Each structure stands twice: as structure tokens, then as C-alpha cells.
Amino acid sequence: MKIHQEYIDLFHTLIEHSENEVVEFKKAERNFDTDDLGKYFSALSNEANLRGLDFAWLIMGYHEPSHTIIGTTFKNSEEGLNKLKYDIGLNSTDKLTFRDIIPISVEGKRLLMFKIPAAPRNIVVKWKGIAYGRNGESLIPLNESKSDEIRYQSPRPDWSAELVPTATIGDLDELALATARIMYKKVHSSTIPASEVDGWTTEEFLCHSEMMRDGKLTRAAILLLGNPLALQKIHPANAQITWVWKDKDGNVVDYEHFSIPYILTVDKIFGKIRNKTMRELPGGTLFPDTMKQYEDYSIREALHNCIAHQDYTLGGRITVVENEGYLFYSNKGSFIPKTIEKVLKNKGPQSEYRNTCLAHGMVHFNMIDTVGRGIPKMFNEQRRRFFPMPEYEIDTENKSVSVTIYGISSNDEYTDLLKSDSSLSLMECLWLDAVRRHKPITKEAAKHLKERNLIEGKAPRYNIALSVAQKTQQVGHYTKETGLNKTAIIKLVLQLGVNSGKIGFKRSDVLEMLELSLPANMTKTQKLNHVSNMLRSMQTSELLSKTDNGRRWIITDKGRHEI
């Protein structure tokens, strides 16, 4: 309720002024064209970027010329609003869509507030290939001057490269420095003799590893090599990593907070994680030898990524939660590549880093590489072990990124799927895993999987294909997911009609009977709509008719003959 009140207050603030380049009001009493909405999304997103704003707003249900609250019934359900967000993302640049669509009630009337994120730096947001902008209240194609202004924006500043004027060599940890020098020699062994590195002074070594510039230490140097007391010199950055251990019921068993130097901290956290040795997996032995619950590389890589990509200006901490059967990592900041699919498809190094100086230092110290192998290797390791893919969650609202790494194959059907077809590509494994979890996949991914006969169904409710279910002996689960076919369901409804006799039956009776016979991934609202449509169809086919009061259904003579 408090959140809604904040938006109601914002609405009243917005209507105090006329429409402009970043605020649009629409009457939209009952409907609004999706294509027009996409054009406004593009225009308002681009204009917000040009004005240095985080968001623009489109309000439906308000008539701006007469300053009247009209109200709107447009997309009057949570399902409809979610589908609208999905549809806008299908045709916009980088699948961008509304950050939120917030229904509010003012003067007893429903309004919709569309929260539109500003276009990312250097990226012009287009709708169906065309970029739009605003000229006052007017919607127009974005002119070349504005397009160039967005495209040629300066790169985001590197927080980690900033110098720390008050920091000295005395603020660095001696063991961290010694470890960094050993790792540097290992990384550069083919180009720089170890004896040469040993001959460098501490200042020379820090300059070569990009941790010092113009005689001053960088913030990256404090993060990777600094002693804990040096944190005050990069305040208000919260350079802290919290490890938490939870039992199978989600209760906290133990926890510990870790600070800098991060080059040493990673090993301390690694030592905390109970990476048990497994000799037999659920469903039977998959490997001739024993194996660890988690791949050592994946444990470290996920943590190194959190350190390298954390947005230290947001003041949040990095979290590693050890659960029963999976590890959960989270850090603050947006996901710069936008989607995990982009990372997996990219054959080369990432083109942009939030903390370039910090990332370079971690490369020099053998913590990460910048050739784009890290995340794809994590996915490949999970596939090799027949484990579910790492699961990334990108929370744009709270500016955080999390990844879950599974250590026990808790789903035998997925294991069977990977074992049954070694020709599956890494992207196909990722998409199939998303389908299995009822997560959304792109239109292009769905088309590809359908062409390979790996999935079936319609967006957004896809299922593993029957042929795959048969191959992996998961027909029972497949039937539960897809529900009974239309003919079988009609037979059940007709039998209900026979049983109810002249009294007839209600829609709720049908829903109760079919609860477990409809697709498992349908919501209750979707099931109700499905039942309503089916009953009307059976009435049209003269299998059912309504009672005199129109509240119940009875079977017809034609329906009885179908039993």
C-alpha cells in the first residue's frame, strides 16, 4: 500500500505540469494500440537518456487537455500487463521493455503508470527498427542530431581507476603483495622473465600491474591488495563479502563477513564452502570416478565475477549463500551485456567493463581472464556433469545480479535429457533448461527449438516435446505438464453432465474436476478462462445448453450420444 501511495503522489506531481518530452498522458479509456505504445516507448526512452534521467512516464486513464481523471480498463489483469511487457520487448532494441506497469486508483478510478527506462548509454532504442523521439508533445522519428548524441556518448567512468590521493604503499597488505607478484609471474611467464619481475621495486610492480599511476594508488589496488583499515580511504564503497550457510529448511547455520584484500579473501571463502565428494548421484551413478559437488573453477569464477562487476558506488555488499544443493551469489549493479545469451554467443572478450582497471588487475593476478571464457566455461562444466545450467537473475529494479550454481542434479528428467542427445549445443541446453523451469525464452530461441522438434506449445507456455519425453522416459511428467487432449476433456465434461442430470453443473464444478487434467503451468485465472471458452464451444456444438436461469449447464441429447 505504501508503494502504491508513492506512485499516487508521483501521479499528482506529474499532472501539475503539461506533457513534455519525458511525460505522456493518454486517455485510453478502454484500449490502446500496441504498435503506438511501442513507438512511445522508444521515444520516451531516448528522450530520458538525452536529459540524463533514469526513467520517463506514460500515464493511461488521464485526459490532459481537460485535466480530467477518466480511468482505464486497458489490460485489466496482471496476466495482460505481463504479456504487454513481453510483447514490447519482442520488437524493441535489446529486448528492452517497461521497468514496471503500476495500476493505481485515484478518485475511485483505475489508472496505469508505465515506467520507461532511459536508453542505455551509446544505444538508441528503436521500435520495429525505427527510432522515435519527441518534439514537445509530438511523437516523431528521432532526428540524426539526437541519434548521434546518444551513439557518441562518452564511456561510463571507471570508478576503480580513480586515484586515492591519501593512500600509500603502507596501506597494502604484505602477503597480498607477495601473492600478487607470484601470480603476475605465472600469467606473464611467456613474455617477462621471472627474474625481471623479482627485480622490480614495489612501485614498479604496481605500475606494471596497473594498480598505480602517477605515483598514486588506484581504488582497484585498495580492493585487491589493501589492508582492511585502508577501506576508509575509498569510503563510502562497501568492500565486503558475506558468506552464509543455510540448512535444507533455509535456516542460517553459520555466517561470516570478509573484507579486503580480495586477492586473499577468495581463498578464505573457498575454504568455507563444504564441497562434498559425491560417489553416486540421484537416479544412479553417472561417472566411474568420484566427483566434487561443485566444480572448483565455477566456485571461484562466480565469486571473481561478483568482485569484478560489482557497482561499488551503490554501497551494497557481495553475498555468497551456501544452500543444500546449490550456491547463490549476488552483487550490486546492472548486467552490462544485458542478457546471458549475449555472453554465451559472444566469441570474443566482453567489449565493456564497469571496472576496467580492477578487471585488468585481476587478469594480471590470475583471478580472471578477459577473453570471454569464464561464464561459458561454467555452463559447459555444468553440462559435462549433467547438472542444470547456472541460473542468472538480473534485477533491473534493484540493480543487482545473481547466479545460482547447482551442485546436485535434483531433476532426473533434465539429466536424462542431456544424456540422451550429445548433439545439443550449449545454447540449446540453456534454452531447454529454461523451458523445464517454466522461464521465458526469446521468440528466436523458441523457433529454433521447435524446428529441432525439442519443444512444443505456444508462447509463453512451452513444454519439452513428446519425442524428447519418450526418449527420456518422462511421458508421465509430460502429460502432467501439457494436460489431457481436447477430446479427453470433452468426454469428462459430458460425463459430468450425465452425472448432474437435470440440475446441471456450474463452471466451478468443471474446474474442480479438471484441476489436475489441465496443463500444470496454467494459472488459476488461465484455467478458468480455458474452461469458459470450452463450455461456450460445447454449447455452439450443441453438446451442452444452459438452464433457464443461465447459471448452470446441462447435457443435451446430442451430448449423451457422444458418451
# chains A, B, ... in the order shown; residues from 1 in each chain; ligands from 1
>>> residues_around(residues="Lys546 (chain A)", least_positions_apart="5", cutoff="12 Å", atoms="only C-alpha atoms", output="list in words")
Gly497, Lys502, Ile503, Gly504, Phe505, Lys506, Arg507, Leu535, Arg536, Met538, Gln539, Thr540, Arg551, Arg552, Trp553, Ile554, Ile555 and Thr556 of chain A
>>> residues_around(residues="Ala488 (chain A)", least_positions_apart="5", cutoff="12 Å", atoms="only C-alpha atoms", output="ChimeraX atom specification")
/A:483,493-495,514,517-518,562-563
>>> write_last_selection(atoms="N, CA, C and O atoms", output="short mmCIF file (atom, residue, chain, number, x, y, z; two decimals), in the first residue's frame")
data_model
loop_
_atom_site.label_atom_id
_atom_site.label_comp_id
_atom_site.auth_asym_id
_atom_site.auth_seq_id
_atom_site.Cartn_x
_atom_site.Cartn_y
_atom_site.Cartn_z
N GLY A 483 -1.29 -31.52 -19.96
CA GLY A 483 -2.71 -31.77 -19.70
C GLY A 483 -3.28 -32.77 -20.70
O GLY A 483 -2.63 -33.18 -21.66
N VAL A 493 -16.24 -33.70 -19.37
CA VAL A 493 -17.30 -32.72 -19.13
C VAL A 493 -18.68 -33.32 -19.44
O VAL A 493 -19.65 -33.10 -18.70
N LEU A 494 -18.77 -34.10 -20.53
CA LEU A 494 -20.04 -34.75 -20.85
C LEU A 494 -20.44 -35.74 -19.77
O LEU A 494 -21.62 -35.86 -19.43
N GLN A 495 -19.47 -36.46 -19.21
CA GLN A 495 -19.78 -37.39 -18.12
C GLN A 495 -20.27 -36.62 -16.90
O GLN A 495 -21.19 -37.07 -16.20
N LEU A 514 -11.36 -30.77 -13.45
CA LEU A 514 -10.24 -30.74 -14.40
C LEU A 514 -8.96 -30.15 -13.82
O LEU A 514 -7.98 -29.99 -14.55
N SER A 517 -6.10 -32.05 -14.72
CA SER A 517 -6.08 -32.51 -16.11
C SER A 517 -5.68 -31.42 -17.10
O SER A 517 -5.40 -31.70 -18.26
N LEU A 518 -5.65 -30.16 -16.63
CA LEU A 518 -5.20 -29.06 -17.47
C LEU A 518 -3.69 -28.87 -17.30
O LEU A 518 -3.11 -29.34 -16.31
N GLU A 562 -22.62 -38.69 -27.53
CA GLU A 562 -21.17 -38.64 -27.68
C GLU A 562 -20.44 -39.43 -26.60
O GLU A 562 -19.24 -39.67 -26.70
N ILE A 563 -21.17 -39.79 -25.53
CA ILE A 563 -20.53 -40.53 -24.42
C ILE A 563 -20.13 -41.94 -24.87
O ILE A 563 -20.92 -42.64 -25.47
#
>>> residues_around(residues="region 130-141 of chain A", least_positions_apart="6", cutoff="8 Å", atoms="only C-alpha atoms", output="number ranges by chain")
A: 19-21, 24, 39-40, 42-44, 46-47, 124
>>> residues_around(residues="region 54-66 of chain A", least_positions_apart="6", cutoff="10 Å", atoms="only C-alpha atoms", output="PyMOL selection string")
chain A and resi 11+14-15+17-19+21-32+37+40-41+43-48+72-74+98-99+101-103+109-120
>>> residues_around(residues="Gly170 (chain A)", least_positions_apart="4", cutoff="10 Å", atoms="only C-alpha atoms", output="MDAnalysis selection string")
chainID A and resid 174 226:227 230
>>> select_by_dssp(residues="region 230-341 of chain A", states="strand (DSSP E)", output="ChimeraX atom specification")
/A:241-246,252-258,277-278,291-292,318-323,326-332
>>> write_last_selection(atoms="C-alpha atoms", output="compact mmCIF listing (two decimals), in the first residue's frame")
# COMPACT_ATOMS: atom_id res chain seq x y z
CA ILE A 241 31.72 -10.18 1.08
CA THR A 242 29.31 -12.12 3.29
CA TRP A 243 29.27 -15.92 3.32
CA VAL A 244 26.11 -17.58 4.68
CA TRP A 245 25.43 -21.28 5.24
CA LYS A 246 21.78 -22.38 5.28
CA VAL A 252 21.01 -19.83 8.81
CA VAL A 253 23.53 -22.24 10.34
CA ASP A 254 26.63 -20.04 10.14
CA TYR A 255 27.87 -16.84 8.53
CA GLU A 256 30.99 -14.67 8.30
CA HIS A 257 31.89 -11.27 6.85
CA PHE A 258 35.09 -10.91 4.83
CA THR A 277 32.65 -35.57 -2.58
CA MET A 278 29.83 -37.49 -4.27
CA MET A 291 33.41 -36.13 -8.11
CA LYS A 292 33.02 -32.94 -6.10
CA ILE A 318 28.63 -9.20 -2.29
CA THR A 319 26.80 -12.23 -0.91
CA VAL A 320 27.59 -15.95 -1.19
CA VAL A 321 24.87 -18.21 0.21
CA GLU A 322 25.60 -21.92 0.55
CA ASN A 323 22.32 -23.83 0.45
CA TYR A 326 23.26 -25.10 -4.64
CA LEU A 327 25.33 -21.93 -4.27
CA PHE A 328 23.78 -18.48 -4.65
CA TYR A 329 25.92 -15.43 -5.48
CA SER A 330 24.70 -11.84 -5.75
CA ASN A 331 26.27 -8.44 -6.33
CA LYS A 332 25.03 -4.89 -6.91
>>> atom_distance(atom1="CA of Ala359 (chain A)", atom2="CA of Ala239 (chain A)")
15.5 Å
>>> select_by_dssp(residues="region 45-189 of chain A", states="helix (DSSP H, G or I)", output="PyMOL selection string")
chain A and resi 45-50+78-90+93-95+144-151+159-161+169-171+174-187
>>> atom_distance(atom1="CA of Asn453 (chain A)", atom2="CA of Ala469 (chain A)")
11.4 Å
>>> closest_residue(among="A:Lys558, A:Lys527, A:Lys439, A:His364", to="Met211 (chain A)", atoms="only C-alpha atoms")
A:His364
>>> atom_distance(atom1="CA of Ala220 (chain A)", atom2="CA of Leu53 (chain A)")
28.6 Å
>>> residues_around(residues="Glu456 (chain A)", least_positions_apart="4", cutoff="6 Å", atoms="only C-alpha atoms", output="number ranges by chain")
A: 462-463, 465
>>> closest_residue(among="A:Cys207, A:Met362, A:Ser298, A:Lys126", to="Asn380 (chain A)", atoms="only C-alpha atoms")
A:Ser298
>>> closest_residue(among="A:Gly316, A:Gly361, A:Pro236, A:Pro460", to="Met212 (chain A)", atoms="only C-alpha atoms")
A:Gly361
>>> closest_residue(among="A:Thr339, A:Thr313, A:Thr202, A:Ser77", to="Thr396 (chain A)", atoms="only C-alpha atoms")
A:Thr339
>>> residues_around(residues="Gly215 (chain A)", least_positions_apart="4", cutoff="12 Å", atoms="only C-alpha atoms", output="list of chain:residue names")
A:Leu163, A:Val164, A:Pro165, A:Thr166, A:Ala167, A:Thr168, A:Ile169, A:Thr202, A:Glu203, A:Glu204, A:Phe205, A:Leu206, A:Cys207, A:Glu210, A:Met211
>>> write_last_selection(atoms="N, CA, C and O atoms", output="mmCIF file, in the first residue's frame")
data_model
loop_
_atom_site.group_PDB
_atom_site.id
_atom_site.type_symbol
_atom_site.label_atom_id
_atom_site.label_comp_id
_atom_site.auth_asym_id
_atom_site.auth_seq_id
_atom_site.Cartn_x
_atom_site.Cartn_y
_atom_site.Cartn_z
ATOM 1 N N LEU A 163 42.267 7.587 -8.706
ATOM 2 C CA LEU A 163 43.401 7.579 -7.778
ATOM 3 C C LEU A 163 42.929 7.904 -6.364
ATOM 4 O O LEU A 163 41.949 8.636 -6.166
ATOM 5 N N VAL A 164 43.653 7.366 -5.376
ATOM 6 C CA VAL A 164 43.347 7.615 -3.967
ATOM 7 C C VAL A 164 44.487 8.468 -3.413
ATOM 8 O O VAL A 164 45.553 7.934 -3.047
ATOM 9 N N PRO A 165 44.328 9.776 -3.350
ATOM 10 C CA PRO A 165 45.445 10.679 -3.035
ATOM 11 C C PRO A 165 46.109 10.404 -1.692
ATOM 12 O O PRO A 165 47.323 10.597 -1.545
ATOM 13 N N THR A 166 45.328 9.936 -0.717
ATOM 14 C CA THR A 166 45.881 9.759 0.640
ATOM 15 C C THR A 166 46.458 8.370 0.875
ATOM 16 O O THR A 166 47.001 8.105 1.947
ATOM 17 N N ALA A 167 46.328 7.456 -0.121
ATOM 18 C CA ALA A 167 46.800 6.085 0.063
ATOM 19 C C ALA A 167 48.289 5.967 -0.265
ATOM 20 O O ALA A 167 48.796 6.616 -1.189
ATOM 21 N N THR A 168 48.990 5.115 0.494
ATOM 22 C CA THR A 168 50.418 4.866 0.280
ATOM 23 C C THR A 168 50.684 3.366 0.241
ATOM 24 O O THR A 168 49.789 2.556 0.512
ATOM 25 N N ILE A 169 51.924 3.008 -0.078
ATOM 26 C CA ILE A 169 52.313 1.600 -0.090
ATOM 27 C C ILE A 169 52.045 0.953 1.266
ATOM 28 O O ILE A 169 51.707 -0.228 1.363
ATOM 29 N N THR A 202 58.528 -2.296 -5.459
ATOM 30 C CA THR A 202 57.083 -2.419 -5.253
ATOM 31 C C THR A 202 56.335 -1.430 -6.132
ATOM 32 O O THR A 202 55.309 -1.776 -6.745
ATOM 33 N N GLU A 203 56.853 -0.194 -6.224
ATOM 34 C CA GLU A 203 56.199 0.816 -7.061
ATOM 35 C C GLU A 203 56.200 0.394 -8.529
ATOM 36 O O GLU A 203 55.192 0.564 -9.236
ATOM 37 N N GLU A 204 57.330 -0.136 -8.999
ATOM 38 C CA GLU A 204 57.414 -0.574 -10.397
ATOM 39 C C GLU A 204 56.449 -1.726 -10.665
ATOM 40 O O GLU A 204 55.786 -1.763 -11.709
ATOM 41 N N PHE A 205 56.377 -2.658 -9.724
ATOM 42 C CA PHE A 205 55.454 -3.790 -9.892
ATOM 43 C C PHE A 205 54.005 -3.301 -9.961
ATOM 44 O O PHE A 205 53.221 -3.736 -10.806
ATOM 45 N N LEU A 206 53.649 -2.363 -9.099
ATOM 46 C CA LEU A 206 52.279 -1.852 -9.087
ATOM 47 C C LEU A 206 51.956 -1.088 -10.372
ATOM 48 O O LEU A 206 50.823 -1.149 -10.874
ATOM 49 N N CYS A 207 52.938 -0.390 -10.927
ATOM 50 C CA CYS A 207 52.716 0.306 -12.191
ATOM 51 C C CYS A 207 52.520 -0.687 -13.334
ATOM 52 O O CYS A 207 51.624 -0.526 -14.168
ATOM 53 N N GLU A 210 49.134 -2.150 -13.335
ATOM 54 C CA GLU A 210 48.094 -1.134 -13.500
ATOM 55 C C GLU A 210 47.395 -0.760 -12.191
ATOM 56 O O GLU A 210 46.299 -0.201 -12.200
ATOM 57 N N MET A 211 48.048 -1.039 -11.067
ATOM 58 C CA MET A 211 47.485 -0.702 -9.766
ATOM 59 C C MET A 211 47.948 0.665 -9.266
ATOM 60 O O MET A 211 47.416 1.176 -8.280
#
>>> closest_residue(among="A:Asp369, A:Glu341, A:Asp171, A:Glu295", to="Arg384 (chain A)", atoms="only C-alpha atoms")
A:Glu295
